[in-house]
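Undergrad: Structure supplied as upload.txt; contents: compact mmCIF, C-alpha atoms.
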```txt
# COMPACT_ATOMS: atom_id res chain seq x y z
CA MET A 518 83.25 113.98 87.49
CA PHE A 519 85.13 110.88 88.69
CA LYS A 520 88.23 111.98 86.75
CA PHE A 521 89.02 114.24 89.71
CA PHE A 522 89.56 111.15 91.88
CA GLU A 523 91.86 109.38 89.40
CA PRO A 524 95.06 108.10 91.06
CA ASN A 525 97.35 110.26 88.90
CA LYS A 526 95.51 113.40 89.98
CA VAL A 527 95.06 112.68 93.70
CA PHE A 528 98.42 111.11 94.53
CA ALA A 529 100.28 114.43 94.45
CA VAL A 530 97.75 115.90 96.89
CA THR A 531 97.40 112.89 99.22
CA SER A 532 101.15 112.29 99.54
CA LYS A 533 101.92 115.92 100.38
CA SER A 534 99.00 116.42 102.78
CA ILE A 535 99.95 113.56 105.18
CA LYS A 536 102.47 115.60 107.20
CA TYR A 537 100.12 118.62 107.47
CA VAL A 538 97.22 116.44 108.67
CA LEU A 539 99.53 114.72 111.21
CA PHE A 540 100.70 118.12 112.51
CA LEU A 541 97.11 119.41 112.79
CA PHE A 542 96.00 116.18 114.50
CA ILE A 543 98.75 116.48 117.16
CA ILE A 544 97.71 120.08 117.93
CA VAL A 545 93.96 119.32 118.08
CA ILE A 546 94.33 116.11 120.15
CA SER A 547 96.64 117.94 122.61
CA ILE A 548 94.05 120.69 123.14
CA GLY A 549 91.28 118.07 123.31
CA LEU A 550 93.09 115.98 125.95
CA VAL A 551 93.71 119.02 128.17
CA GLU A 552 90.05 120.04 127.83
CA ALA A 553 88.72 116.50 128.38
CA LEU A 554 90.97 115.46 131.28
CA ILE A 555 91.57 118.74 133.15
CA LEU A 556 89.43 121.72 132.14
CA SER A 557 85.98 120.17 131.64
CA PRO A 558 83.79 119.84 134.76
CA GLU A 559 82.86 116.56 136.41
CA ASP A 560 79.27 115.34 136.16
CA TYR A 561 76.99 115.83 139.18
CA LYS A 562 75.93 112.15 139.01
CA GLN A 563 78.79 110.27 137.32
CA SER A 564 81.58 112.43 138.75
CA ASP A 565 84.87 112.10 136.80
CA ALA A 566 83.78 108.83 135.11
CA VAL A 567 81.95 111.07 132.61
CA ARG A 568 85.34 111.95 131.04
CA ILE A 569 85.30 108.55 129.29
CA MET A 570 82.56 110.11 127.11
CA TYR A 571 85.24 112.22 125.36
CA VAL A 572 86.82 109.14 123.78
CA HIS A 573 83.81 106.78 123.69
CA VAL A 574 81.30 109.03 121.88
CA PRO A 575 83.60 110.41 119.12
CA ALA A 576 84.90 106.87 118.43
CA ALA A 577 81.32 105.57 118.08
CA TRP A 578 80.25 108.51 115.87
CA ILE A 579 83.23 108.16 113.53
CA SER A 580 82.98 104.38 113.24
CA LEU A 581 79.30 104.78 112.26
CA GLY A 582 80.15 107.59 109.83
CA ILE A 583 82.90 105.56 108.17
CA PHE A 584 80.68 102.49 107.77
CA SER A 585 77.94 104.67 106.22
CA ALA A 586 80.59 105.99 103.81
CA LEU A 587 81.67 102.40 103.02
CA ALA A 588 78.08 101.49 102.17
CA LEU A 589 77.59 104.57 99.95
CA LEU A 590 80.92 104.00 98.17
CA SER A 591 80.06 100.32 97.67
CA LEU A 592 76.71 101.33 96.19
CA GLY A 593 78.58 103.76 93.92
CA SER A 594 80.95 100.97 92.94
CA PHE A 595 77.98 98.76 91.95
CA ILE A 596 76.17 101.51 90.02
CA PHE A 597 79.07 103.26 88.25
CA LYS A 598 81.42 100.23 87.99
CA ASN A 599 84.28 102.52 89.05
CA LYS A 600 87.18 100.95 90.98
CA ILE A 601 88.08 104.25 92.66
CA PHE A 602 85.06 103.88 94.96
CA SER A 603 86.20 100.51 96.27
CA LEU A 604 89.77 101.80 96.61
CA ILE A 605 88.55 104.71 98.79
CA ALA A 606 86.32 102.35 100.80
CA LYS A 607 89.18 99.88 101.35
CA SER A 608 91.39 102.73 102.61
CA LEU A 609 88.70 104.00 105.01
CA ALA A 610 87.89 100.63 106.60
CA PRO A 611 90.93 100.09 108.92
CA SER A 612 90.37 103.31 110.89
CA GLY A 613 86.61 102.61 111.08
CA PHE A 614 87.35 99.13 112.47
CA VAL A 615 89.73 100.50 115.13
CA PHE A 616 87.24 103.23 116.11
CA SER A 617 84.45 100.66 116.51
CA ILE A 618 86.68 98.57 118.81
CA ILE A 619 87.64 101.70 120.80
CA ALA A 620 83.92 102.51 121.19
CA LEU A 621 83.18 98.99 122.49
CA VAL A 622 86.17 98.79 124.87
CA THR A 623 85.82 102.31 126.31
CA GLY A 624 82.06 101.74 126.59
CA SER A 625 82.75 98.57 128.56
CA ILE A 626 85.18 100.47 130.85
CA TRP A 627 82.55 103.23 131.30
CA GLY A 628 79.84 100.65 132.00
CA LYS A 629 81.54 99.23 135.09
CA PRO A 630 81.40 102.37 137.30
CA THR A 631 78.10 103.59 135.77
CA TRP A 632 75.96 100.43 135.47
CA GLY A 633 78.02 98.05 137.62
CA THR A 634 78.82 95.71 134.71
CA TRP A 635 81.49 95.47 132.01
CA TRP A 636 79.08 94.03 129.43
CA ALA A 637 75.34 93.68 128.85
CA TRP A 638 73.60 92.33 125.77
CA ASP A 639 71.42 95.45 125.41
CA ALA A 640 70.30 96.66 121.99
CA ARG A 641 72.92 99.43 121.54
CA ILE A 642 75.90 97.32 122.66
CA THR A 643 74.79 94.26 120.67
CA SER A 644 74.21 96.27 117.47
CA MET A 645 77.60 97.97 117.95
CA PHE A 646 79.19 94.53 118.38
CA ILE A 647 77.56 93.46 115.09
CA LEU A 648 79.13 96.54 113.44
CA VAL A 649 82.59 95.36 114.61
CA LEU A 650 81.84 91.94 113.06
CA PHE A 651 80.85 93.57 109.74
CA TYR A 652 84.06 95.64 109.75
CA GLY A 653 86.00 92.42 110.49
CA MET A 654 84.30 90.55 107.63
CA TYR A 655 84.92 93.48 105.26
CA LEU A 656 88.64 93.64 106.04
CA LEU A 657 89.02 89.86 106.05
CA ALA A 658 87.41 89.58 102.60
CA TRP A 659 90.05 91.94 101.15
CA ARG A 660 92.75 89.65 102.59
CA ILE A 661 91.19 86.33 101.57
CA TYR A 662 90.14 86.84 97.95
CA GLU A 663 92.75 87.34 95.23
CA ASP A 664 90.45 88.02 92.28
CA ASN A 665 89.93 91.79 92.12
CA GLN A 666 86.43 91.72 90.58
CA LYS A 667 85.24 89.08 93.05
CA VAL A 668 86.61 90.87 96.11
CA ILE A 669 85.01 94.18 95.07
CA ARG A 670 81.63 92.42 94.69
CA ILE A 671 81.91 90.61 98.04
CA THR A 672 83.15 93.59 100.07
CA SER A 673 80.49 95.84 98.51
CA LEU A 674 77.80 93.32 99.48
CA ILE A 675 79.13 93.13 103.05
CA ALA A 676 79.10 96.95 103.34
CA ILE A 677 75.59 97.32 101.87
CA ILE A 678 74.10 94.52 104.05
CA GLY A 679 75.95 95.90 107.10
CA ALA A 680 74.47 99.35 106.47
CA VAL A 681 71.08 97.97 107.63
CA ASN A 682 72.65 97.88 111.10
CA ILE A 683 73.44 101.64 111.11
CA PRO A 684 69.87 102.91 111.76
CA ILE A 685 69.44 100.04 114.26
CA ILE A 686 72.45 101.35 116.24
CA LYS A 687 71.20 104.94 115.99
CA PHE A 688 67.59 104.28 117.02
CA SER A 689 68.16 101.30 119.33
CA VAL A 690 67.85 103.60 122.36
CA ASP A 691 64.41 104.77 121.14
CA TRP A 692 63.05 101.42 119.90
CA TRP A 693 64.04 99.27 122.90
CA ASN A 694 64.58 99.71 126.62
CA THR A 695 68.35 99.83 126.89
CA LEU A 696 70.93 100.79 129.50
CA HIS A 697 71.96 103.66 127.22
CA GLN A 698 70.27 107.04 127.51
CA PRO A 699 68.53 108.57 124.45
CA ALA A 700 70.65 110.81 122.18
CA SER A 701 71.78 114.03 123.89
CA ILE A 702 72.89 115.77 120.69
CA ASN A 703 70.85 116.25 117.53
CA ILE A 704 72.76 117.64 114.56
CA LEU A 705 69.48 118.74 112.93
CA SER A 706 68.48 120.85 115.93
CA THR A 707 70.23 123.46 118.07
CA ASN A 708 68.80 121.93 121.26
CA THR A 709 71.28 119.71 123.03
CA ALA A 710 71.08 118.18 126.49
CA ILE A 711 74.81 118.77 127.05
CA HIS A 712 76.18 121.98 128.58
CA SER A 713 78.70 123.90 126.48
CA SER A 714 81.45 123.19 129.05
CA MET A 715 81.19 119.53 128.04
CA LEU A 716 80.11 120.06 124.43
CA ILE A 717 83.29 122.02 123.56
CA PRO A 718 85.77 119.27 124.63
CA LEU A 719 83.51 116.68 122.99
CA SER A 720 83.59 118.64 119.71
CA ILE A 721 87.39 119.10 119.89
CA MET A 722 87.93 115.38 120.53
CA THR A 723 85.55 114.53 117.64
CA ALA A 724 87.56 116.84 115.35
CA ALA A 725 90.80 115.18 116.51
CA PHE A 726 89.40 111.69 115.85
CA ALA A 727 88.15 112.79 112.42
CA LEU A 728 91.62 114.15 111.60
CA PHE A 729 93.18 110.87 112.70
CA SER A 730 90.87 108.86 110.44
CA LEU A 731 91.75 111.26 107.59
CA LEU A 732 95.45 110.71 108.30
CA ILE A 733 95.11 106.91 108.23
CA PHE A 734 92.93 107.13 105.11
CA LEU A 735 95.56 109.18 103.25
CA MET A 736 98.37 106.80 104.22
CA LYS A 737 96.32 103.73 103.31
CA TYR A 738 95.13 105.27 100.02
CA ASN A 739 98.74 106.03 99.04
CA THR A 740 99.73 102.45 99.95
CA GLU A 741 97.00 101.10 97.65
CA LEU A 742 98.00 103.43 94.81
CA ILE A 743 101.66 102.39 95.09
CA LYS A 744 100.53 98.71 95.06
CA ILE A 745 98.75 99.39 91.75
CA LYS A 746 101.83 101.16 90.38
CA ASN A 747 104.02 98.21 91.48
CA LYS A 748 101.83 95.91 89.39
CA GLY A 749 102.18 98.43 86.54
CA LEU A 750 105.99 98.18 86.73
CA ASN A 751 105.70 94.39 86.40
CA ARG A 752 103.85 94.83 83.12
CA LEU A 753 106.45 97.17 81.58
CA MET B 214 96.25 119.01 142.03
CA ILE B 215 98.27 116.29 140.27
CA ILE B 216 96.94 113.65 142.71
CA GLU B 217 93.37 114.89 142.01
CA ILE B 218 93.93 114.51 138.25
CA ILE B 219 95.38 111.02 138.69
CA SER B 220 92.73 109.77 141.13
CA MET B 221 89.75 111.41 139.35
CA ASN B 222 87.61 111.11 142.51
CA GLY B 223 88.23 107.36 142.62
CA TYR B 224 87.48 106.83 138.90
CA GLY B 225 91.10 107.26 137.77
CA ALA B 226 91.62 103.59 136.87
CA TYR B 227 88.59 103.67 134.55
CA VAL B 228 89.26 107.08 132.97
CA TRP B 229 92.99 106.57 132.43
CA SER B 230 92.60 103.03 131.08
CA ALA B 231 89.96 104.25 128.56
CA PHE B 232 92.20 107.12 127.37
CA SER B 233 95.31 104.89 127.36
CA PHE B 234 93.56 102.20 125.30
CA THR B 235 92.47 104.85 122.77
CA LEU B 236 95.93 106.42 122.44
CA ILE B 237 97.68 103.02 122.24
CA SER B 238 95.24 101.94 119.50
CA PHE B 239 95.94 105.19 117.60
CA THR B 240 99.70 104.71 117.88
CA ALA B 241 99.53 101.05 116.81
CA LEU B 242 97.29 101.81 113.81
CA TYR B 243 99.51 104.74 112.76
CA PHE B 244 102.72 102.70 112.87
CA VAL B 245 101.21 99.62 111.18
CA THR B 246 99.86 101.81 108.36
CA LYS B 247 103.19 103.67 108.07
CA LEU B 248 105.06 100.37 107.92
CA GLN B 249 102.79 99.08 105.13
CA LEU B 250 103.30 102.33 103.20
CA SER B 251 107.08 102.31 103.50
CA LYS B 252 107.16 98.58 102.56
CA GLU B 253 105.26 99.31 99.32
CA GLN B 254 107.51 102.31 98.61
CA LYS B 255 110.65 100.18 99.09
CA ARG B 256 109.18 97.50 96.80
CA PHE B 257 108.50 100.19 94.18
CA VAL B 258 112.04 101.60 94.41
CA SER B 259 113.60 98.14 94.15
CA LYS B 260 111.44 97.25 91.12
CA TYR B 261 112.19 100.61 89.51
CA GLY B 262 115.91 100.10 90.13
CA SER B 263 115.85 96.75 88.34
CA LEU B 264 114.35 98.24 85.14
CA ASN B 265 116.56 98.89 82.12
CA THR B 266 117.09 102.51 80.97
CA GLU B 267 114.30 102.44 78.41
CA LYS B 268 111.70 100.95 80.77
CA ALA B 269 112.81 103.25 83.60
CA LYS B 270 112.34 106.24 81.29
CA ALA B 271 108.84 104.99 80.37
CA ALA B 272 107.97 104.47 84.03
CA LYS B 273 109.23 107.91 85.00
CA SER B 274 107.08 109.53 82.31
CA GLN B 275 104.04 108.81 84.52
CA ILE B 276 103.19 111.57 87.02
CA THR B 277 102.35 109.20 89.91
CA ASN B 278 105.57 107.23 89.51
CA ARG B 279 107.57 110.47 89.63
CA GLU B 280 105.62 111.52 92.75
CA ILE B 281 106.29 108.17 94.47
CA LEU B 282 110.01 108.44 93.78
CA SER B 283 110.18 112.05 94.97
CA ASN B 284 108.19 111.29 98.14
CA ILE B 285 110.26 108.33 99.34
CA SER B 286 112.19 110.35 101.92
CA ASN B 287 109.21 112.48 103.01
CA ILE B 288 107.35 109.85 105.05
```
Could you render the structure as structure tokens?

TA:
Amino acid sequence: MFKFFEPNKVFAVTSKSIKYVLFLFIIVISIGLVEALILSPEDYKQSDAVRIMYVHVPAAWISLGIFSALALLSLGSFIFKNKIFSLIAKSLAPSGFVFSIIALVTGSIWGKPTWGTWWAWDARITSMFILVLFYGMYLLAWRIYEDNQKVIRITSLIAIIGAVNIPIIKFSVDWWNTLHQPASINILSTNTAIHSSMLIPLSIMTAAFALFSLLIFLMKYNTELIKIKNKGLNRL
Amino acid sequence: MIIEIISMNGYGAYVWSAFSFTLISFTALYFVTKLQLSKEQKRFVSKYGSLNTEKAKAAKSQITNREILSNISNI
């Protein structure tokens, strides 16, 4: 099954798809920005400050999704002893890290007009901050350690331990009294607390962010494959 | 209308700074990643160019190496 993901097989696809994903991302983000900044209505309580939601929420969702993927891939790397898993995880991490920082910074900007403060050590913000630290440790480990086997073990451990934080972030609003409101959207149910006039721009922006992370992943994955091939040329 | 969009009912500074930070982060990440990719591609081309005919032929027999060489100008 893993033969499908072998570098020789995927490189042709990943290298050709970059320009198409970039083109699609530019179209989707353009529509999303018009929807988020102009067409969507203001909130009756938060007024236009609610528009920050269209960058804050997708960034938080995608950073959580990418870290969950890192943890699963790291688990796969441990179980199947296949280097492809760690190569995919390594290529996913930079965009996840940037998305987690975007979620923190835009959340801080949103907090000032909404709660009257840039920062509060509430459960959701603190657990999100811990996620940024785990992303930082993960990326730093790849830079520090030279030995390939050792770095795969260490980064996999960081991702698996960090995954404990994912349900804490998700359920922090239910388990503790926080400044954040409980979840407004449940993917397992059709009931959402958000009106379609806001849900549509939110979905478009989420799709744009997902396309951007795919774009960065493809570029990073190609970079890693070429690095491997460079080492191969040295051995010829 | 343009002034309304810019001022955002007094929340313009917050909304625009949040969107600007996001788009600047996207642009920075895209260009850093692109730079890393083109650096590795250049390294590959220079290493490939230094190989003798026999080794170059062996290297080119691999599908991925051929793909890398053919994609150099695409990105």

Undergrad: Find the residues of chain B that sit at most 6 Å from chain A; for each, write down the nearest two atoms and how far apart they are in Å, to one decimal. Count only C-alpha atoms. Sort by chain, then by number going up, and give it as CSV.

TA:
```
residue,atom,partner,partner_atom,distance
B:Met221,CA,A:Asp565,CA,5.5
B:Tyr224,CA,A:Ala566,CA,5.7
B:Tyr227,CA,A:Ile626,CA,6.0
B:Val228,CA,A:Ile569,CA,5.6
B:Ala231,CA,A:Thr623,CA,5.1
B:Leu250,CA,A:Thr740,CA,4.8
B:Phe257,CA,A:Asn747,CA,5.6
B:Thr277,CA,A:Asn525,CA,5.2
```

Undergrad: Hey, can you check how far atom CA of A:Thr723 sits from atom CA of A:Ile546?

TA: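 About the pair atom CA of A:Thr723 and atom CA of A:Ile546: they are 9.3 Å apart.
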
Undergrad: From the set A:Tyr652, A:Ile686, A:Phe646, A:Arg670, which residue has the shortest atom-to-atom contact distance to A:Lys600, counting all atoms listed in the file?

TA: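 For A:Lys600, the nearest of the given residues is A:Arg670.
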
Undergrad: My list of candidates is A:Trp635, A:Met715, A:Ala710, A:Leu604. Which is closest to A:Gly549 when distances are computed with only C-alpha atoms?

TA: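 Looking only at the distances to A:Gly549, the closest residue turns out to be A:Met715.
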
Undergrad: What's around A:Ser585 at 10 Å? Count only C-alpha atoms, leave out sequence neighbours fewer than 4 positions away in its own chain, and write the answer as number ranges by chain.

TA: A: 579-581, 589-591, 676-677, 679-684

Undergrad: Have a look at atom CA of A:Asn694 and atom CA of A:Ile642 and let me know their distance in Å, one decimal.

TA: 12.2 Å

Undergrad: In Å, how far is it from atom CA of A:Leu609 to atom CA of B:Val258?

TA: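 So the answer is 25.7 Å.
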
Undergrad: Using only C-alpha atoms for the distances, tell me which of A:Ile717, A:Lys607, A:Trp659, A:Gly633 is nearest to A:Ser594.

TA: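 Ranked by minimum distance to A:Ser594, first place goes to A:Lys607.
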